[in-house]
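A.B. asks: One file: coords.txt (compact mmCIF, C-alpha atoms).
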# COMPACT_ATOMS: atom_id res chain seq x y z
CA GLY A 20 -26.61 -0.59 -76.39
CA GLN A 21 -23.82 1.67 -77.55
CA GLN A 22 -22.80 4.48 -75.22
CA LEU A 23 -21.72 7.98 -76.16
CA ASN A 24 -19.97 10.21 -73.65
CA GLN A 25 -20.22 13.88 -74.47
CA SER A 26 -18.26 16.58 -72.69
CA PRO A 27 -18.44 19.04 -71.22
CA GLN A 28 -21.99 18.82 -69.91
CA SER A 29 -22.26 22.61 -69.79
CA MET A 30 -20.24 25.66 -70.74
CA PHE A 31 -20.54 29.31 -69.77
CA ILE A 32 -18.51 31.58 -72.06
CA GLN A 33 -18.20 35.18 -73.09
CA GLU A 34 -19.28 36.37 -76.51
CA GLY A 35 -16.36 36.14 -78.93
CA GLU A 36 -14.72 33.14 -77.29
CA ASP A 37 -14.12 29.87 -79.09
CA VAL A 38 -15.86 26.68 -77.94
CA SER A 39 -14.81 23.05 -78.11
CA MET A 40 -16.82 19.97 -77.24
CA ASN A 41 -16.31 16.30 -77.95
CA CYS A 42 -17.89 12.91 -77.98
CA THR A 43 -16.34 9.50 -77.37
CA SER A 44 -17.77 6.07 -77.90
CA SER A 45 -17.02 2.60 -76.63
CA SER A 46 -17.52 1.26 -80.15
CA ILE A 47 -17.01 2.48 -83.70
CA PHE A 48 -19.39 4.43 -85.87
CA ASN A 49 -19.32 5.10 -89.58
CA THR A 50 -21.32 8.33 -89.36
CA TRP A 51 -21.04 11.14 -86.84
CA LEU A 52 -23.52 13.99 -86.66
CA TRP A 53 -23.83 17.15 -84.62
CA TYR A 54 -27.22 18.66 -83.80
CA LYS A 55 -28.20 21.89 -82.07
CA GLN A 56 -31.37 22.39 -80.06
CA ASP A 57 -32.54 25.97 -79.55
CA PRO A 58 -34.63 26.63 -76.44
CA GLY A 59 -38.19 25.38 -76.99
CA GLU A 60 -37.39 23.74 -80.33
CA GLY A 61 -36.42 20.34 -81.66
CA PRO A 62 -32.81 19.56 -82.60
CA VAL A 63 -31.55 20.62 -86.02
CA LEU A 64 -28.66 19.06 -87.91
CA LEU A 65 -25.52 21.20 -88.04
CA ILE A 66 -22.86 18.98 -89.56
CA ALA A 67 -22.65 15.37 -90.80
CA LEU A 68 -19.39 13.42 -91.11
CA TYR A 69 -19.12 10.20 -93.12
CA LYS A 70 -15.44 9.30 -93.24
CA ALA A 71 -12.77 8.69 -90.58
CA GLY A 72 -10.43 11.68 -90.42
CA GLU A 73 -12.90 13.96 -92.19
CA LEU A 74 -12.84 17.63 -91.20
CA THR A 75 -15.91 19.64 -92.20
CA SER A 76 -16.81 23.29 -91.71
CA ASN A 77 -20.15 25.09 -91.75
CA GLY A 78 -19.58 28.80 -91.20
CA ARG A 79 -18.09 29.25 -87.74
CA LEU A 80 -18.55 25.56 -86.96
CA THR A 81 -15.91 22.91 -87.60
CA ALA A 82 -16.34 19.22 -86.83
CA GLN A 83 -14.00 16.29 -87.15
CA PHE A 84 -14.56 12.54 -87.43
CA GLY A 85 -11.89 10.90 -85.30
CA ILE A 86 -9.43 8.60 -87.01
CA THR A 87 -10.28 5.73 -84.65
CA ARG A 88 -14.00 6.13 -85.58
CA LYS A 89 -14.74 6.27 -81.85
CA ASP A 90 -14.79 10.02 -81.36
CA SER A 91 -15.78 13.35 -82.85
CA PHE A 92 -15.16 17.00 -82.06
CA LEU A 93 -17.10 20.20 -82.64
CA ASN A 94 -15.55 23.65 -82.49
CA ILE A 95 -17.39 26.96 -82.63
CA SER A 96 -15.29 30.03 -83.31
CA ALA A 97 -16.07 33.59 -82.19
CA SER A 98 -19.25 32.67 -80.33
CA ILE A 99 -22.32 34.93 -80.50
CA PRO A 100 -25.44 35.02 -78.29
CA SER A 101 -27.53 33.00 -80.76
CA ASP A 102 -25.13 30.06 -80.29
CA VAL A 103 -26.95 29.41 -77.00
CA GLY A 104 -28.58 25.99 -76.88
CA ILE A 105 -27.92 22.30 -76.37
CA TYR A 106 -25.49 20.59 -78.73
CA PHE A 107 -25.83 16.85 -79.28
CA CYS A 108 -23.46 14.49 -80.96
CA ALA A 109 -24.90 11.36 -82.56
CA GLY A 110 -23.34 8.28 -84.04
CA GLN A 111 -24.63 5.75 -86.50
CA LEU A 112 -23.37 2.31 -87.47
CA ARG A 113 -25.33 1.57 -90.61
CA GLU A 114 -24.51 -2.11 -90.91
CA THR A 115 -26.17 -2.99 -87.64
CA SER A 116 -28.53 -0.17 -86.80
CA GLY A 117 -29.93 1.06 -90.12
CA SER A 118 -31.31 4.53 -89.49
CA ARG A 119 -30.91 4.37 -85.74
CA LEU A 120 -28.78 7.03 -84.11
CA THR A 121 -27.16 6.92 -80.68
CA PHE A 122 -27.10 10.36 -79.06
CA GLY A 123 -24.75 11.85 -76.52
CA GLU A 124 -25.97 13.47 -73.32
CA GLY A 125 -25.71 16.97 -74.74
CA THR A 126 -23.64 20.08 -74.01
CA GLN A 127 -25.57 23.08 -72.70
CA LEU A 128 -23.92 26.24 -74.03
CA THR A 129 -24.52 29.66 -72.47
CA VAL A 130 -23.00 32.74 -74.11
CA ASN A 131 -22.81 35.93 -72.10
CA PRO A 132 -22.96 39.13 -74.19
CA ASP B 28 -40.06 23.68 -96.06
CA VAL B 29 -39.91 20.39 -94.17
CA LYS B 30 -42.26 20.07 -91.26
CA VAL B 31 -42.74 17.66 -88.40
CA THR B 32 -45.71 18.66 -86.27
CA GLN B 33 -46.44 17.33 -82.81
CA SER B 34 -50.02 17.72 -81.68
CA SER B 35 -49.45 19.05 -78.17
CA ARG B 36 -46.61 21.20 -76.85
CA TYR B 37 -47.61 20.75 -73.20
CA LEU B 38 -49.71 18.09 -71.50
CA VAL B 39 -50.54 17.42 -67.86
CA LYS B 40 -51.97 13.98 -67.06
CA ARG B 41 -52.70 11.95 -63.97
CA THR B 42 -51.12 8.63 -63.05
CA GLY B 43 -52.92 5.76 -64.77
CA GLU B 44 -54.37 7.83 -67.60
CA LYS B 45 -53.94 6.78 -71.21
CA VAL B 46 -51.94 9.32 -73.17
CA PHE B 47 -51.71 9.80 -76.94
CA LEU B 48 -48.94 11.84 -78.52
CA GLU B 49 -49.46 12.50 -82.22
CA CYS B 50 -46.86 13.33 -84.84
CA VAL B 51 -47.39 14.24 -88.49
CA GLN B 52 -44.75 14.86 -91.17
CA ASP B 53 -45.34 16.41 -94.57
CA MET B 54 -42.15 15.22 -96.28
CA ASP B 55 -43.28 11.75 -97.43
CA HIS B 56 -40.58 10.20 -95.23
CA GLU B 57 -40.56 6.45 -94.72
CA ASN B 58 -38.85 6.52 -91.33
CA MET B 59 -40.35 7.95 -88.17
CA PHE B 60 -39.04 7.92 -84.62
CA TRP B 61 -40.06 8.73 -81.06
CA TYR B 62 -37.39 9.89 -78.63
CA ARG B 63 -37.49 10.85 -75.02
CA GLN B 64 -35.27 13.71 -73.79
CA ASP B 65 -34.21 14.01 -70.15
CA PRO B 66 -31.51 16.30 -68.70
CA GLY B 67 -28.15 14.58 -68.57
CA LEU B 68 -29.40 11.56 -70.52
CA GLY B 69 -29.62 13.00 -74.02
CA LEU B 70 -32.12 11.58 -76.49
CA ARG B 71 -33.17 7.99 -76.03
CA LEU B 72 -35.03 6.05 -78.70
CA ILE B 73 -38.39 4.63 -77.65
CA TYR B 74 -39.79 3.20 -80.91
CA PHE B 75 -39.30 3.67 -84.61
CA SER B 76 -41.01 2.71 -87.84
CA TYR B 77 -39.65 2.10 -91.34
CA ASP B 78 -43.01 1.78 -93.02
CA VAL B 79 -46.74 1.90 -92.53
CA LYS B 80 -47.97 -0.63 -89.95
CA MET B 81 -44.38 -1.53 -89.14
CA LYS B 82 -42.72 -0.79 -85.78
CA GLU B 83 -39.56 -1.71 -83.96
CA LYS B 84 -38.52 -1.29 -80.36
CA GLY B 85 -35.85 1.21 -79.53
CA ASP B 86 -33.73 1.33 -76.40
CA ILE B 87 -36.47 2.13 -73.86
CA PRO B 88 -39.82 0.75 -75.14
CA GLU B 89 -41.20 -0.38 -71.77
CA GLY B 90 -44.44 1.37 -70.90
CA TYR B 91 -44.97 2.66 -74.43
CA SER B 92 -46.59 1.49 -77.64
CA VAL B 93 -46.89 3.07 -81.08
CA SER B 94 -49.18 3.11 -84.07
CA ARG B 95 -48.50 3.92 -87.71
CA GLU B 96 -51.63 3.50 -89.79
CA LYS B 97 -50.66 6.14 -92.38
CA LYS B 98 -47.25 7.04 -93.75
CA GLU B 99 -47.37 10.62 -92.49
CA ARG B 100 -48.57 9.88 -88.95
CA PHE B 101 -46.81 8.16 -86.03
CA SER B 102 -48.47 8.01 -82.63
CA LEU B 103 -46.92 7.28 -79.25
CA ILE B 104 -49.21 5.74 -76.64
CA LEU B 105 -48.74 5.54 -72.90
CA GLU B 106 -51.27 2.91 -71.86
CA SER B 107 -51.11 3.84 -68.17
CA ALA B 108 -49.05 6.93 -67.50
CA SER B 109 -46.66 6.93 -64.56
CA THR B 110 -44.74 9.76 -62.91
CA ASN B 111 -41.42 8.46 -64.27
CA GLN B 112 -42.74 9.12 -67.77
CA THR B 113 -42.71 12.85 -67.11
CA SER B 114 -40.39 14.06 -69.85
CA MET B 115 -39.94 15.84 -73.17
CA TYR B 116 -40.98 13.67 -76.12
CA LEU B 117 -39.55 14.33 -79.55
CA CYS B 118 -40.82 12.94 -82.83
CA ALA B 119 -38.53 12.77 -85.86
CA SER B 120 -38.60 11.57 -89.44
CA SER B 121 -36.04 10.77 -92.11
CA PHE B 122 -36.11 9.94 -95.80
CA VAL B 123 -32.78 8.39 -96.71
CA PRO B 124 -32.23 5.43 -94.37
CA VAL B 125 -28.46 5.70 -94.18
CA SER B 126 -27.89 9.45 -94.14
CA GLY B 127 -28.47 9.85 -90.44
CA GLU B 128 -30.24 13.18 -90.83
CA LEU B 129 -33.38 13.37 -88.74
CA PHE B 130 -35.98 16.14 -88.87
CA PHE B 131 -37.43 16.79 -85.45
CA GLY B 132 -40.69 18.24 -84.24
CA GLU B 133 -40.77 20.91 -81.54
CA GLY B 134 -41.40 18.42 -78.77
CA SER B 135 -44.21 17.59 -76.36
CA ARG B 136 -43.56 18.21 -72.71
CA LEU B 137 -45.56 15.71 -70.66
CA THR B 138 -46.08 16.03 -66.92
CA VAL B 139 -47.64 13.09 -65.08
CA LEU B 140 -48.97 13.91 -61.62
Could the structure of this file be written out as structure tokens, please?

C.D. replies:
Amino acid sequence: GQQLNQSPQSMFIQEGEDVSMNCTSSSIFNTWLWYKQDPGEGPVLLIALYKAGELTSNGRLTAQFGITRKDSFLNISASIPSDVGIYFCAGQLRETSGSRLTFGEGTQLTVNP
Amino acid sequence: DVKVTQSSRYLVKRTGEKVFLECVQDMDHENMFWYRQDPGLGLRLIYFSYDVKMKEKGDIPEGYSVSREKKERFSLILESASTNQTSMYLCASSFVPVSGELFFGEGSRLTVL
């Protein structure tokens, strides 16, 4: 199946710092999504991207759909303690997979107050 | 408020036991999914269903089966649990097939001894 490589695997930062993480794929997608999983909870959708080159913001979060359709980036500005959790990227190629998503390995984010 | 409910948060079973994981959604979604989450591997799709009594294999179906007798309920079955099935299991549902947005339950952590 399709493979997604997400990096970094983990990050330890100080409150107030900015965070960047990214996902690359061996094949193209036409939808990229970013989810966050709080400790003890299921993942929740943060941002969805539907067009190559698209840049979308949701509060302190900004995500971009790479122009090659094989990558995506998520930035978090001015991190706060509640940003702690696991962030997953996910890609979807609707023509072949319907509703199926391929998920990255996740980025574990720790924010020190 | 959308809700995906998984019947058990924590289970401990013995090797060879039959295990049932239940998932119920109250959003009238057509699509339901079972994922397995392991550290460093992200979320991997076990089975999914687009409609009642319909099921399709995901990326790692071996050792699992599913049942969808009613639209709101999707069950994951481990016919004979093994230690390598110790994991976090996440159920999800979605309404619009091509949007990519999944709604997840809180997860069921299964330990097989």

A.B. asks: If you measure from atom CA of Trp61 of chain B to atom CA of Asn49 of chain A, what distance in Å do you get, rounded to one decimal?

C.D. replies: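 Rounded to one decimal, the two atoms are 22.7 Å apart.
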
A.B. asks: Residues of chain B within 9 Å of chain A, using all atoms listed in the file, as a VMD selection string?

C.D. replies: chain B and resid 58 60 65 to 72 75 77 85 to 86 117 to 119 121 123 to 134

A.B. asks: May I have the residues within 10 Å of Ser109 of chain B as a list in words, using only C-alpha atoms and disregarding those fewer than 3 positions away in the same chain?

C.D. replies: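 Returned residues: Lys40, Arg41, Thr42, Gly43, Glu44, Lys45, Gly90, Leu105, Glu106, Gln112, Thr113, Thr138, Val139 and Leu140 of chain B.
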
A.B. asks: Next, the residues of the selection above should be written as an mmCIF file, keeping the file's coordinate frame with C-alpha atoms.

C.D. replies:
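Result written to out.cif:
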data_model
loop_
_atom_site.group_PDB
_atom_site.id
_atom_site.type_symbol
_atom_site.label_atom_id
_atom_site.label_comp_id
_atom_site.auth_asym_id
_atom_site.auth_seq_id
_atom_site.Cartn_x
_atom_site.Cartn_y
_atom_site.Cartn_z
ATOM 1 C CA LYS B 40 -51.970 13.980 -67.060
ATOM 2 C CA ARG B 41 -52.700 11.950 -63.970
ATOM 3 C CA THR B 42 -51.120 8.630 -63.050
ATOM 4 C CA GLY B 43 -52.920 5.760 -64.770
ATOM 5 C CA GLU B 44 -54.370 7.830 -67.600
ATOM 6 C CA LYS B 45 -53.940 6.780 -71.210
ATOM 7 C CA GLY B 90 -44.440 1.370 -70.900
ATOM 8 C CA LEU B 105 -48.740 5.540 -72.900
ATOM 9 C CA GLU B 106 -51.270 2.910 -71.860
ATOM 10 C CA GLN B 112 -42.740 9.120 -67.770
ATOM 11 C CA THR B 113 -42.710 12.850 -67.110
ATOM 12 C CA THR B 138 -46.080 16.030 -66.920
ATOM 13 C CA VAL B 139 -47.640 13.090 -65.080
ATOM 14 C CA LEU B 140 -48.970 13.910 -61.620
#

A.B. asks: Record the distance separating atom CA of Tyr91 of chain B and atom CA of Val31 of chain B, expressed in Å with one decimal.

C.D. replies: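 Distance between the two atoms: 20.6 Å.
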
A.B. asks: Set the distance at 9 Å and use only C-alpha atoms: which residues neighbour segment 83-97 of chain A once local chain neighbours fewer than 6 positions away are removed? I'd like the list as a PyMOL selection string.

C.D. replies: chain A and resi 23+34-53+68-76+108

A.B. asks: Pull the neighbourhood of (-23.0, 34.6, -68.7) for me: all residues within 10 Å in file coordinates, counting only C-alpha atoms, as a PDB file with C-alpha atoms, in the frame of the given file.

C.D. replies:
ATOM      1  CA  MET A  30     -20.240  25.660 -70.740  1.00  0.00           C
ATOM      2  CA  PHE A  31     -20.540  29.310 -69.770  1.00  0.00           C
ATOM      3  CA  ILE A  32     -18.510  31.580 -72.060  1.00  0.00           C
ATOM      4  CA  GLN A  33     -18.200  35.180 -73.090  1.00  0.00           C
ATOM      5  CA  GLU A  34     -19.280  36.370 -76.510  1.00  0.00           C
ATOM      6  CA  PRO A 100     -25.440  35.020 -78.290  1.00  0.00           C
ATOM      7  CA  LEU A 128     -23.920  26.240 -74.030  1.00  0.00           C
ATOM      8  CA  THR A 129     -24.520  29.660 -72.470  1.00  0.00           C
ATOM      9  CA  VAL A 130     -23.000  32.740 -74.110  1.00  0.00           C
ATOM     10  CA  ASN A 131     -22.810  35.930 -72.100  1.00  0.00           C
ATOM     11  CA  PRO A 132     -22.960  39.130 -74.190  1.00  0.00           C
TER      12      PRO A 132
END

A.B. asks: As an exercise, work out the distance from atom CA of Val51 of chain B to atom CA of Ser34 of chain B in Å and give it to one decimal place.

C.D. replies: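 Interatomic distance, atom CA of Val51 of chain B to atom CA of Ser34 of chain B: 8.1 Å.
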
A.B. asks: Might you pull out every residue within 7 Å of Leu137 of chain B, with only C-alpha atoms counted and same-chain residues fewer than 4 positions away left off, and present them as a list in words?

C.D. replies: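 So the residues in contact are Tyr37, Leu38, Val39, Thr113, Ser114 and Met115 of chain B.
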
A.B. asks: Set the distance at 8 Å and use all atoms listed in the file: which residues neighbour Lys84 of chain B once local chain neighbours fewer than 4 positions away are removed? I'd like the list as a PyMOL selection string.

C.D. replies: chain B and resi 73-75+88

A.B. asks: Just C-alpha atoms for this one: save the residues we selected as a PDB file, in the frame of the given file.

C.D. replies:
ATOM      1  CA  ILE B  73     -38.390   4.630 -77.650  1.00  0.00           C
ATOM      2  CA  TYR B  74     -39.790   3.200 -80.910  1.00  0.00           C
ATOM      3  CA  PHE B  75     -39.300   3.670 -84.610  1.00  0.00           C
ATOM      4  CA  PRO B  88     -39.820   0.750 -75.140  1.00  0.00           C
TER       5      PRO B  88
END
